[in-house]
$ cat target_8.txt   # compact mmCIF, C-alpha atoms
# COMPACT_ATOMS: atom_id res chain seq x y z
CA ASP A 1 118.83 111.44 -75.42
CA ALA A 2 119.00 115.22 -75.08
CA LYS A 3 121.40 116.86 -77.55
CA THR A 4 121.81 120.04 -75.53
CA THR A 5 123.76 121.26 -72.52
CA GLN A 6 122.34 123.86 -70.16
CA PRO A 7 123.42 125.21 -66.78
CA THR A 8 121.63 123.52 -63.93
CA SER A 9 120.42 126.75 -62.36
CA MET A 10 120.50 130.51 -62.72
CA ASP A 11 119.28 133.52 -60.77
CA CYS A 12 117.96 136.81 -62.06
CA ALA A 13 116.67 139.98 -60.43
CA GLU A 14 113.08 140.95 -61.10
CA GLY A 15 112.81 143.48 -63.89
CA ARG A 16 116.19 142.59 -65.35
CA ALA A 17 116.83 140.56 -68.48
CA ALA A 18 117.29 136.84 -68.00
CA ASN A 19 119.73 135.28 -70.48
CA LEU A 20 119.58 131.50 -70.58
CA PRO A 21 122.36 129.80 -72.57
CA CYS A 22 122.20 126.49 -74.37
CA ASN A 23 124.96 124.55 -76.13
CA HIS A 24 124.05 122.28 -79.03
CA SER A 25 127.39 121.71 -80.72
CA THR A 26 126.24 118.63 -82.67
CA ILE A 27 123.16 120.25 -84.16
CA SER A 28 122.38 119.22 -87.74
CA GLY A 29 121.50 121.58 -90.54
CA ASN A 30 117.82 120.67 -90.48
CA GLU A 31 117.38 120.74 -86.71
CA TYR A 32 115.56 123.56 -85.01
CA VAL A 33 116.16 124.92 -81.52
CA TYR A 34 113.06 124.89 -79.32
CA TRP A 35 112.51 126.35 -75.89
CA TYR A 36 109.88 125.23 -73.44
CA ARG A 37 109.46 126.05 -69.77
CA GLN A 38 107.77 124.33 -66.85
CA ILE A 39 106.46 126.40 -64.00
CA HIS A 40 106.15 124.49 -60.73
CA SER A 41 103.18 122.08 -60.67
CA GLN A 42 102.22 122.91 -64.26
CA GLY A 43 102.74 121.27 -67.61
CA PRO A 44 105.50 122.41 -69.98
CA GLN A 45 104.75 125.52 -72.02
CA TYR A 46 106.12 126.31 -75.48
CA ILE A 47 108.08 129.57 -75.66
CA ILE A 48 109.82 129.96 -79.00
CA HIS A 49 111.80 128.15 -81.67
CA GLY A 50 114.21 129.00 -84.48
CA LEU A 51 116.47 127.54 -87.15
CA LYS A 52 119.25 130.05 -87.74
CA ASN A 53 117.78 133.52 -87.62
CA ASN A 54 117.08 135.30 -84.38
CA GLU A 55 113.44 135.14 -83.35
CA THR A 56 111.24 137.24 -81.10
CA ASN A 57 107.71 136.83 -79.87
CA GLU A 58 105.60 138.21 -77.04
CA MET A 59 107.30 135.94 -74.52
CA ALA A 60 110.99 136.00 -75.38
CA SER A 61 113.79 136.41 -77.89
CA LEU A 62 115.98 133.64 -79.23
CA ILE A 63 119.51 134.42 -80.33
CA ILE A 64 121.28 131.68 -82.30
CA THR A 65 125.00 131.96 -83.03
CA GLU A 66 126.13 132.03 -86.62
CA ASP A 67 127.65 128.53 -86.37
CA ARG A 68 124.41 127.38 -84.69
CA LYS A 69 126.34 125.58 -81.97
CA SER A 70 124.75 127.59 -79.19
CA SER A 71 121.81 129.83 -78.48
CA THR A 72 120.46 132.14 -75.80
CA LEU A 73 116.90 132.62 -74.67
CA ILE A 74 116.27 136.14 -73.47
CA LEU A 75 113.42 137.16 -71.20
CA PRO A 76 113.73 140.94 -71.49
CA HIS A 77 112.08 141.92 -68.21
CA ALA A 78 111.88 138.92 -65.92
CA THR A 79 109.05 138.73 -63.41
CA LEU A 80 108.54 136.44 -60.44
CA ARG A 81 106.13 134.43 -62.60
CA ASP A 82 109.01 133.55 -64.91
CA THR A 83 110.56 131.35 -62.22
CA ALA A 84 110.55 127.93 -63.88
CA VAL A 85 112.67 125.19 -65.44
CA TYR A 86 113.62 126.16 -68.98
CA TYR A 87 114.27 123.41 -71.52
CA CYS A 88 116.32 123.84 -74.69
CA ILE A 89 115.58 121.13 -77.26
CA VAL A 90 116.91 120.44 -80.74
CA ARG A 91 114.72 118.57 -83.15
CA VAL A 92 114.06 118.25 -86.86
CA GLY A 93 111.19 120.57 -87.68
CA GLY A 94 108.18 118.88 -89.19
CA GLY A 95 109.63 115.42 -88.78
CA SER A 96 108.27 112.55 -86.77
CA GLU A 97 111.12 112.78 -84.27
CA LYS A 98 109.83 113.00 -80.74
CA LEU A 99 110.36 115.98 -78.44
CA VAL A 100 113.09 114.97 -75.97
CA PHE A 101 113.41 116.99 -72.76
CA GLY A 102 116.76 117.22 -70.96
CA LYS A 103 117.35 118.44 -67.43
CA GLY A 104 116.84 122.10 -68.25
CA THR A 105 117.86 125.21 -66.33
CA LYS A 106 116.07 126.17 -63.14
CA LEU A 107 115.66 129.94 -63.36
CA THR A 108 114.83 131.72 -60.13
CA VAL A 109 113.70 135.32 -60.41
CA ASN A 110 114.33 137.17 -57.15
CA PRO A 111 112.44 140.25 -55.96
CA ASP B 112 88.21 126.97 -71.57
CA THR B 113 91.04 124.61 -70.68
CA ALA B 114 92.78 123.52 -73.87
CA VAL B 115 94.12 120.18 -72.61
CA SER B 116 92.37 118.81 -69.56
CA GLN B 117 93.33 115.75 -67.55
CA THR B 118 91.40 113.94 -64.87
CA PRO B 119 92.00 113.18 -62.12
CA LYS B 120 94.60 115.70 -61.03
CA TYR B 121 95.63 113.53 -58.10
CA LEU B 122 95.35 109.77 -57.75
CA VAL B 123 96.47 107.69 -54.77
CA THR B 124 96.12 103.93 -54.99
CA GLN B 125 97.51 100.63 -53.78
CA MET B 126 99.99 98.40 -55.58
CA GLY B 127 98.32 95.91 -57.86
CA ASN B 128 95.29 98.06 -58.63
CA ASP B 129 94.19 99.17 -62.09
CA LYS B 130 93.60 102.86 -62.75
CA SER B 131 92.87 105.21 -65.64
CA ILE B 132 93.74 108.80 -66.42
CA LYS B 133 91.65 110.66 -68.94
CA CYS B 134 92.71 113.40 -71.32
CA GLU B 135 90.68 115.64 -73.57
CA GLN B 136 91.71 118.50 -75.82
CA ASN B 137 89.44 121.11 -77.37
CA LEU B 138 92.04 122.60 -79.71
CA GLY B 139 91.04 120.57 -82.74
CA HIS B 140 94.47 118.92 -82.81
CA ASP B 141 94.96 115.55 -84.46
CA THR B 142 97.92 114.29 -82.39
CA MET B 143 98.03 113.51 -78.69
CA TYR B 144 100.75 112.36 -76.34
CA TRP B 145 101.41 110.97 -72.90
CA TYR B 146 104.56 111.99 -71.05
CA LYS B 147 105.80 110.73 -67.68
CA GLN B 148 107.75 112.90 -65.24
CA ASP B 149 109.42 110.91 -62.48
CA SER B 150 110.68 111.99 -59.08
CA LYS B 151 113.94 113.21 -60.62
CA LYS B 152 111.89 115.52 -62.84
CA PHE B 153 112.89 113.85 -66.11
CA LEU B 154 110.12 114.25 -68.65
CA LYS B 155 109.87 111.28 -71.01
CA ILE B 156 107.47 110.53 -73.82
CA MET B 157 105.45 107.34 -73.50
CA PHE B 158 102.99 107.33 -76.38
CA SER B 159 101.86 109.39 -79.31
CA TYR B 160 98.65 109.01 -81.29
CA ASN B 161 97.74 110.64 -84.58
CA ASN B 162 94.10 110.47 -85.61
CA LYS B 163 93.53 107.62 -83.16
CA GLU B 164 96.48 105.61 -84.49
CA LEU B 165 99.55 104.77 -82.42
CA ILE B 166 102.63 106.58 -83.73
CA ILE B 167 105.14 106.35 -80.87
CA ASN B 168 105.43 103.66 -78.21
CA GLU B 169 108.55 104.16 -76.13
CA THR B 170 108.99 100.60 -74.89
CA VAL B 171 106.51 101.21 -72.14
CA PRO B 172 105.47 98.06 -70.22
CA ASN B 173 102.40 96.28 -71.48
CA ARG B 174 100.64 97.21 -68.26
CA PHE B 175 100.19 100.65 -69.82
CA SER B 176 97.47 100.73 -72.46
CA PRO B 177 96.54 104.00 -74.11
CA LYS B 178 93.16 104.28 -75.78
CA SER B 179 92.06 106.95 -78.20
CA PRO B 180 88.30 106.76 -78.88
CA ASP B 181 88.54 109.85 -81.08
CA LYS B 182 91.21 112.39 -81.90
CA ALA B 183 90.14 114.67 -79.05
CA HIS B 184 90.67 112.04 -76.37
CA LEU B 185 93.61 109.93 -75.26
CA ASN B 186 93.14 107.94 -72.09
CA LEU B 187 95.81 106.03 -70.21
CA HIS B 188 94.94 102.80 -68.45
CA ILE B 189 97.47 101.20 -66.14
CA ASN B 190 97.12 97.62 -64.92
CA SER B 191 98.75 96.03 -61.86
CA LEU B 192 100.23 99.27 -60.59
CA GLU B 193 103.75 99.17 -59.19
CA LEU B 194 105.59 101.56 -56.86
CA GLY B 195 107.74 102.73 -59.77
CA ASP B 196 104.67 103.97 -61.60
CA SER B 197 104.40 106.84 -59.13
CA ALA B 198 104.96 109.96 -61.19
CA VAL B 199 103.24 112.92 -62.78
CA TYR B 200 101.69 112.05 -66.12
CA PHE B 201 101.22 114.80 -68.67
CA CYS B 202 98.94 114.70 -71.66
CA ALA B 203 99.73 116.93 -74.63
CA SER B 204 98.39 117.64 -78.09
CA SER B 205 99.59 119.15 -81.34
CA GLN B 206 98.47 119.66 -84.89
CA GLY B 207 100.41 117.16 -86.93
CA VAL B 208 102.93 114.51 -85.93
CA GLY B 209 105.92 116.74 -86.59
CA ALA B 210 104.43 119.80 -84.97
CA ASN B 211 106.69 122.35 -83.36
CA VAL B 212 104.32 123.31 -80.63
CA LEU B 213 102.86 120.92 -78.11
CA THR B 214 100.18 122.08 -75.68
CA PHE B 215 100.41 120.29 -72.36
CA GLY B 216 97.82 119.59 -69.72
CA ALA B 217 98.37 120.41 -66.05
CA GLY B 218 99.39 116.88 -65.17
CA SER B 219 98.01 114.01 -63.10
CA ARG B 220 100.01 113.01 -60.04
CA LEU B 221 99.81 109.27 -59.45
CA THR B 222 100.99 107.89 -56.12
CA VAL B 223 101.21 104.14 -55.68
CA LEU B 224 101.44 102.93 -52.08

$ encode --input "target_8.txt" --output "structure tokens"
Amino acid sequence: DAKTTQPTSMDCAEGRAANLPCNHSTISGNEYVYWYRQIHSQGPQYIIHGLKNNETNEMASLIITEDRKSSTLILPHATLRDTAVYYCIVRVGGGSEKLVFGKGTKLTVNP
Amino acid sequence: DTAVSQTPKYLVTQMGNDKSIKCEQNLGHDTMYWYKQDSKKFLKIMFSYNNKELIINETVPNRFSPKSPDKAHLNLHINSLELGDSAVYFCASSQGVGANVLTFGAGSRLTVL
């Protein structure tokens, strides 16, 4: 069962930052926050993950609140190609626990 | 140069038939997975193999039999296909059972008539 809550859908203007929220109020101390996305007719794609510090890579930034009960994925300059379903997942890092996908957020980037 | 490749991409068949979907990864990973995405878009894990050994079996019906001849391949054979088996099946791989990053294939859409 997914341990996260995300909005069903969001819209963003092309070129603007897309901020995707995720609530994970029951997260345990050893659980990481992972983000994947699925572009239409493609397989899921890993984006980023973090434990408690903010993280940034070439795709996105991940901001985790101090109490770790929520996080935000930021796509700094959204493009039309970023239109996808974005999944926020919590999971013990390095453990044998399987990756469980929830319903995700359908992000639509508009021209 | 496809990292995780699945064949066929599309498969249409009749109820009761037996079919297979093949998966190969060239990433040198030691763990492979099969996920099923149904019409409601829920993505659920079915199986996981590590170095050809079954690690996860999510109470999938016995009609589904994964086979891993080596750690670069994980094939999915389905017997006596039912309407409810219609879905998109995704293969994935990772380095290590508890890996953070899974690399997914493009999916195989199975339609059972």

$ closest_residue --input "target_8.txt" --among "B:Gly207, B:Thr214, B:Ala198, B:Tyr144" --to "Val123 in chain B" --atoms "all atoms listed in the file"
B:Ala198

$ closest_residue --input "target_8.txt" --among "B:Leu224, B:Ser116, B:Ser219, B:Ser131" --to "Ser41 in chain A" --atoms "all atoms listed in the file"
B:Ser219

$ closest_residue --input "target_8.txt" --among "A:Pro7, A:Asn53, A:Lys106, A:Gln42" --to "Cys22 in chain A" --atoms "only C-alpha atoms"
A:Pro7

$ interface_residues --input "target_8.txt" --of "chain B" --to "chain A" --cutoff "9 Å" --atoms "only C-alpha atoms" --output "PDB file with C-alpha atoms, in the frame of the given file"
ATOM      1  CA  LYS B 152     111.890 115.520 -62.840  1.00  0.00           C
ATOM      2  CA  PHE B 153     112.890 113.850 -66.110  1.00  0.00           C
ATOM      3  CA  LEU B 154     110.120 114.250 -68.650  1.00  0.00           C
ATOM      4  CA  LYS B 155     109.870 111.280 -71.010  1.00  0.00           C
ATOM      5  CA  ILE B 156     107.470 110.530 -73.820  1.00  0.00           C
ATOM      6  CA  SER B 159     101.860 109.390 -79.310  1.00  0.00           C
ATOM      7  CA  ILE B 166     102.630 106.580 -83.730  1.00  0.00           C
ATOM      8  CA  ILE B 167     105.140 106.350 -80.870  1.00  0.00           C
ATOM      9  CA  PHE B 201     101.220 114.800 -68.670  1.00  0.00           C
ATOM     10  CA  CYS B 202      98.940 114.700 -71.660  1.00  0.00           C
ATOM     11  CA  ALA B 203      99.730 116.930 -74.630  1.00  0.00           C
ATOM     12  CA  GLY B 207     100.410 117.160 -86.930  1.00  0.00           C
ATOM     13  CA  VAL B 208     102.930 114.510 -85.930  1.00  0.00           C
ATOM     14  CA  GLY B 209     105.920 116.740 -86.590  1.00  0.00           C
ATOM     15  CA  ALA B 210     104.430 119.800 -84.970  1.00  0.00           C
ATOM     16  CA  ASN B 211     106.690 122.350 -83.360  1.00  0.00           C
ATOM     17  CA  VAL B 212     104.320 123.310 -80.630  1.00  0.00           C
ATOM     18  CA  LEU B 213     102.860 120.920 -78.110  1.00  0.00           C
ATOM     19  CA  THR B 214     100.180 122.080 -75.680  1.00  0.00           C
ATOM     20  CA  PHE B 215     100.410 120.290 -72.360  1.00  0.00           C
ATOM     21  CA  GLY B 216      97.820 119.590 -69.720  1.00  0.00           C
ATOM     22  CA  ALA B 217      98.370 120.410 -66.050  1.00  0.00           C
ATOM     23  CA  GLY B 218      99.390 116.880 -65.170  1.00  0.00           C
TER      24      GLY B 218
END

$ atom_distance --input "target_8.txt" --atom1 "CA of Ser71 in chain A" --atom2 "CA of Asn23 in chain A"
6.6 Å

$ closest_residue --input "target_8.txt" --among "B:Trp145, B:Glu164, B:Ser179, B:Thr124" --to "Leu192 in chain B" --atoms "all atoms listed in the file"
B:Thr124

$ atom_distance --input "target_8.txt" --atom1 "CA of Thr108 in chain A" --atom2 "CA of Ser61 in chain A"
18.4 Å

$ atom_distance --input "target_8.txt" --atom1 "CA of Lys3 in chain A" --atom2 "CA of Asn30 in chain A"
13.9 Å

$ residues_around --input "target_8.txt" --residues "Lys178 in chain B" --least-positions-apart "3" --cutoff "12 Å" --atoms "all atoms listed in the file" --output "count of residues only"
26

$ closest_residue --input "target_8.txt" --among "A:Leu20, A:Glu31, A:Val109, A:Tyr86" --to "Arg68 in chain A" --atoms "only C-alpha atoms"
A:Glu31

$ closest_residue --input "target_8.txt" --among "B:Met157, B:Val115, B:Val199, B:Leu122" --to "Leu138 in chain B" --atoms "only C-alpha atoms"
B:Val115

$ residues_around --input "target_8.txt" --residues "Gln125 in chain B" --least-positions-apart "6" --cutoff "12 Å" --atoms "only C-alpha atoms" --output "MDAnalysis selection string"
chainID B and resid 190:194 196:197 221:224

$ residues_around --input "target_8.txt" --residues "Cys12 in chain A" --least-positions-apart "3" --cutoff "12 Å" --atoms "all atoms listed in the file" --output "ChimeraX atom specification"
/A:9,15-20,74-80,82-84,106-111

$ residues_around --input "target_8.txt" --residues "Thr72 in chain A" --least-positions-apart "6" --cutoff "6 Å" --atoms "only C-alpha atoms" --output "VMD selection string"
chain A and resid 20 to 21 62 to 63

$ decode --input "target_8.txt" --residues "range 119-221 of chain B" --atoms "C-alpha atoms" --output "PDB file, in the first residue's frame"
ATOM      1  CA  PRO B 119       6.907  -7.865 -28.110  1.00  0.00           C
ATOM      2  CA  LYS B 120       5.718  -4.310 -27.582  1.00  0.00           C
ATOM      3  CA  TYR B 121       2.152  -5.263 -28.465  1.00  0.00           C
ATOM      4  CA  LEU B 122       0.474  -8.641 -28.136  1.00  0.00           C
ATOM      5  CA  VAL B 123      -3.141  -9.458 -29.009  1.00  0.00           C
ATOM      6  CA  THR B 124      -4.388 -12.958 -28.326  1.00  0.00           C
ATOM      7  CA  GLN B 125      -7.429 -15.055 -27.530  1.00  0.00           C
ATOM      8  CA  MET B 126      -8.554 -16.247 -24.115  1.00  0.00           C
ATOM      9  CA  GLY B 127      -7.063 -19.577 -23.176  1.00  0.00           C
ATOM     10  CA  ASN B 128      -3.866 -19.141 -25.176  1.00  0.00           C
ATOM     11  CA  ASP B 129      -0.342 -19.254 -23.763  1.00  0.00           C
ATOM     12  CA  LYS B 130       2.030 -16.376 -24.456  1.00  0.00           C
ATOM     13  CA  SER B 131       5.466 -15.132 -23.436  1.00  0.00           C
ATOM     14  CA  ILE B 132       7.037 -11.720 -23.029  1.00  0.00           C
ATOM     15  CA  LYS B 133      10.795 -11.448 -23.103  1.00  0.00           C
ATOM     16  CA  CYS B 134      13.007  -8.978 -21.279  1.00  0.00           C
ATOM     17  CA  GLU B 135      16.704  -8.298 -21.573  1.00  0.00           C
ATOM     18  CA  GLN B 136      18.896  -5.714 -19.887  1.00  0.00           C
ATOM     19  CA  ASN B 137      22.400  -4.683 -20.910  1.00  0.00           C
ATOM     20  CA  LEU B 138      23.162  -2.643 -17.794  1.00  0.00           C
ATOM     21  CA  GLY B 139      24.997  -5.405 -15.972  1.00  0.00           C
ATOM     22  CA  HIS B 140      22.361  -5.366 -13.218  1.00  0.00           C
ATOM     23  CA  ASP B 141      21.798  -8.414 -11.046  1.00  0.00           C
ATOM     24  CA  THR B 142      18.118  -7.867 -10.180  1.00  0.00           C
ATOM     25  CA  MET B 143      15.144  -7.857 -12.515  1.00  0.00           C
ATOM     26  CA  TYR B 144      11.439  -7.266 -12.031  1.00  0.00           C
ATOM     27  CA  TRP B 145       8.069  -7.599 -13.683  1.00  0.00           C
ATOM     28  CA  TYR B 146       5.397  -4.989 -12.993  1.00  0.00           C
ATOM     29  CA  LYS B 147       1.796  -4.965 -14.221  1.00  0.00           C
ATOM     30  CA  GLN B 148      -0.114  -1.765 -15.013  1.00  0.00           C
ATOM     31  CA  ASP B 149      -3.840  -2.308 -15.369  1.00  0.00           C
ATOM     32  CA  SER B 150      -6.484  -0.198 -17.082  1.00  0.00           C
ATOM     33  CA  LYS B 151      -6.768   2.031 -14.013  1.00  0.00           C
ATOM     34  CA  LYS B 152      -3.059   2.775 -14.354  1.00  0.00           C
ATOM     35  CA  PHE B 153      -2.059   1.163 -11.060  1.00  0.00           C
ATOM     36  CA  LEU B 154       1.482  -0.141 -11.290  1.00  0.00           C
ATOM     37  CA  LYS B 155       2.010  -3.283  -9.212  1.00  0.00           C
ATOM     38  CA  ILE B 156       5.032  -5.487  -8.766  1.00  0.00           C
ATOM     39  CA  MET B 157       4.616  -9.129  -9.734  1.00  0.00           C
ATOM     40  CA  PHE B 158       8.043 -10.725  -9.432  1.00  0.00           C
ATOM     41  CA  SER B 159      11.612  -9.921  -8.604  1.00  0.00           C
ATOM     42  CA  TYR B 160      14.677 -12.010  -9.367  1.00  0.00           C
ATOM     43  CA  ASN B 161      18.188 -11.549  -8.041  1.00  0.00           C
ATOM     44  CA  ASN B 162      20.939 -13.475  -9.805  1.00  0.00           C
ATOM     45  CA  LYS B 163      18.340 -15.801 -11.315  1.00  0.00           C
ATOM     46  CA  GLU B 164      16.716 -16.521  -7.948  1.00  0.00           C
ATOM     47  CA  LEU B 165      13.143 -15.550  -7.092  1.00  0.00           C
ATOM     48  CA  ILE B 166      13.052 -12.837  -4.427  1.00  0.00           C
ATOM     49  CA  ILE B 167       9.522 -11.441  -4.632  1.00  0.00           C
ATOM     50  CA  ASN B 168       6.350 -13.215  -5.727  1.00  0.00           C
ATOM     51  CA  GLU B 169       3.315 -11.037  -5.115  1.00  0.00           C
ATOM     52  CA  THR B 170       0.675 -13.770  -4.950  1.00  0.00           C
ATOM     53  CA  VAL B 171       0.447 -13.833  -8.691  1.00  0.00           C
ATOM     54  CA  PRO B 172      -1.635 -16.726 -10.096  1.00  0.00           C
ATOM     55  CA  ASN B 173       0.260 -19.865 -10.985  1.00  0.00           C
ATOM     56  CA  ARG B 174      -0.581 -19.245 -14.627  1.00  0.00           C
ATOM     57  CA  PHE B 175       2.234 -16.686 -14.552  1.00  0.00           C
ATOM     58  CA  SER B 176       5.672 -18.268 -14.612  1.00  0.00           C
ATOM     59  CA  PRO B 177       8.755 -16.087 -14.782  1.00  0.00           C
ATOM     60  CA  LYS B 178      11.983 -17.616 -16.015  1.00  0.00           C
ATOM     61  CA  SER B 179      15.445 -16.166 -15.640  1.00  0.00           C
ATOM     62  CA  PRO B 180      18.001 -18.104 -17.723  1.00  0.00           C
ATOM     63  CA  ASP B 181      20.712 -15.661 -16.661  1.00  0.00           C
ATOM     64  CA  LYS B 182      20.828 -12.398 -14.769  1.00  0.00           C
ATOM     65  CA  ALA B 183      20.431 -10.353 -17.948  1.00  0.00           C
ATOM     66  CA  HIS B 184      17.131 -11.963 -18.913  1.00  0.00           C
ATOM     67  CA  LEU B 185      13.762 -12.344 -17.218  1.00  0.00           C
ATOM     68  CA  ASN B 186      10.977 -13.749 -19.333  1.00  0.00           C
ATOM     69  CA  LEU B 187       7.317 -13.926 -18.402  1.00  0.00           C
ATOM     70  CA  HIS B 188       5.210 -16.845 -19.564  1.00  0.00           C
ATOM     71  CA  ILE B 189       1.462 -16.745 -19.095  1.00  0.00           C
ATOM     72  CA  ASN B 190      -0.716 -19.838 -19.457  1.00  0.00           C
ATOM     73  CA  SER B 191      -4.458 -19.984 -20.129  1.00  0.00           C
ATOM     74  CA  LEU B 192      -4.821 -16.260 -20.653  1.00  0.00           C
ATOM     75  CA  GLU B 193      -7.873 -14.553 -19.174  1.00  0.00           C
ATOM     76  CA  LEU B 194      -9.540 -11.239 -20.001  1.00  0.00           C
ATOM     77  CA  GLY B 195      -8.245  -9.779 -16.740  1.00  0.00           C
ATOM     78  CA  ASP B 196      -4.674 -10.353 -17.844  1.00  0.00           C
ATOM     79  CA  SER B 197      -5.022  -7.502 -20.328  1.00  0.00           C
ATOM     80  CA  ALA B 198      -2.580  -4.865 -19.148  1.00  0.00           C
ATOM     81  CA  VAL B 199       0.781  -3.286 -19.834  1.00  0.00           C
ATOM     82  CA  TYR B 200       3.633  -5.328 -18.418  1.00  0.00           C
ATOM     83  CA  PHE B 201       6.855  -3.558 -17.524  1.00  0.00           C
ATOM     84  CA  CYS B 202      10.209  -5.168 -17.005  1.00  0.00           C
ATOM     85  CA  ALA B 203      12.782  -3.378 -14.854  1.00  0.00           C
ATOM     86  CA  SER B 204      16.262  -3.949 -13.526  1.00  0.00           C
ATOM     87  CA  SER B 205      18.488  -2.663 -10.748  1.00  0.00           C
ATOM     88  CA  GLN B 206      21.831  -3.335  -9.167  1.00  0.00           C
ATOM     89  CA  GLY B 207      21.073  -5.043  -5.899  1.00  0.00           C
ATOM     90  CA  VAL B 208      17.800  -6.101  -4.309  1.00  0.00           C
ATOM     91  CA  GLY B 209      17.485  -2.946  -2.247  1.00  0.00           C
ATOM     92  CA  ALA B 210      18.514  -0.611  -5.018  1.00  0.00           C
ATOM     93  CA  ASN B 211      17.172   2.910  -5.101  1.00  0.00           C
ATOM     94  CA  VAL B 212      17.039   3.195  -8.826  1.00  0.00           C
ATOM     95  CA  LEU B 213      15.101   0.893 -11.098  1.00  0.00           C
ATOM     96  CA  THR B 214      15.443   1.177 -14.867  1.00  0.00           C
ATOM     97  CA  PHE B 215      12.234   0.273 -16.649  1.00  0.00           C
ATOM     98  CA  GLY B 216      11.583  -1.009 -20.128  1.00  0.00           C
ATOM     99  CA  ALA B 217       9.059   0.606 -22.462  1.00  0.00           C
ATOM    100  CA  GLY B 218       6.352  -1.904 -21.648  1.00  0.00           C
ATOM    101  CA  SER B 219       4.481  -4.678 -23.446  1.00  0.00           C
ATOM    102  CA  ARG B 220       0.766  -4.139 -23.987  1.00  0.00           C
ATOM    103  CA  LEU B 221      -1.127  -7.426 -23.769  1.00  0.00           C
TER     104      LEU B 221
END
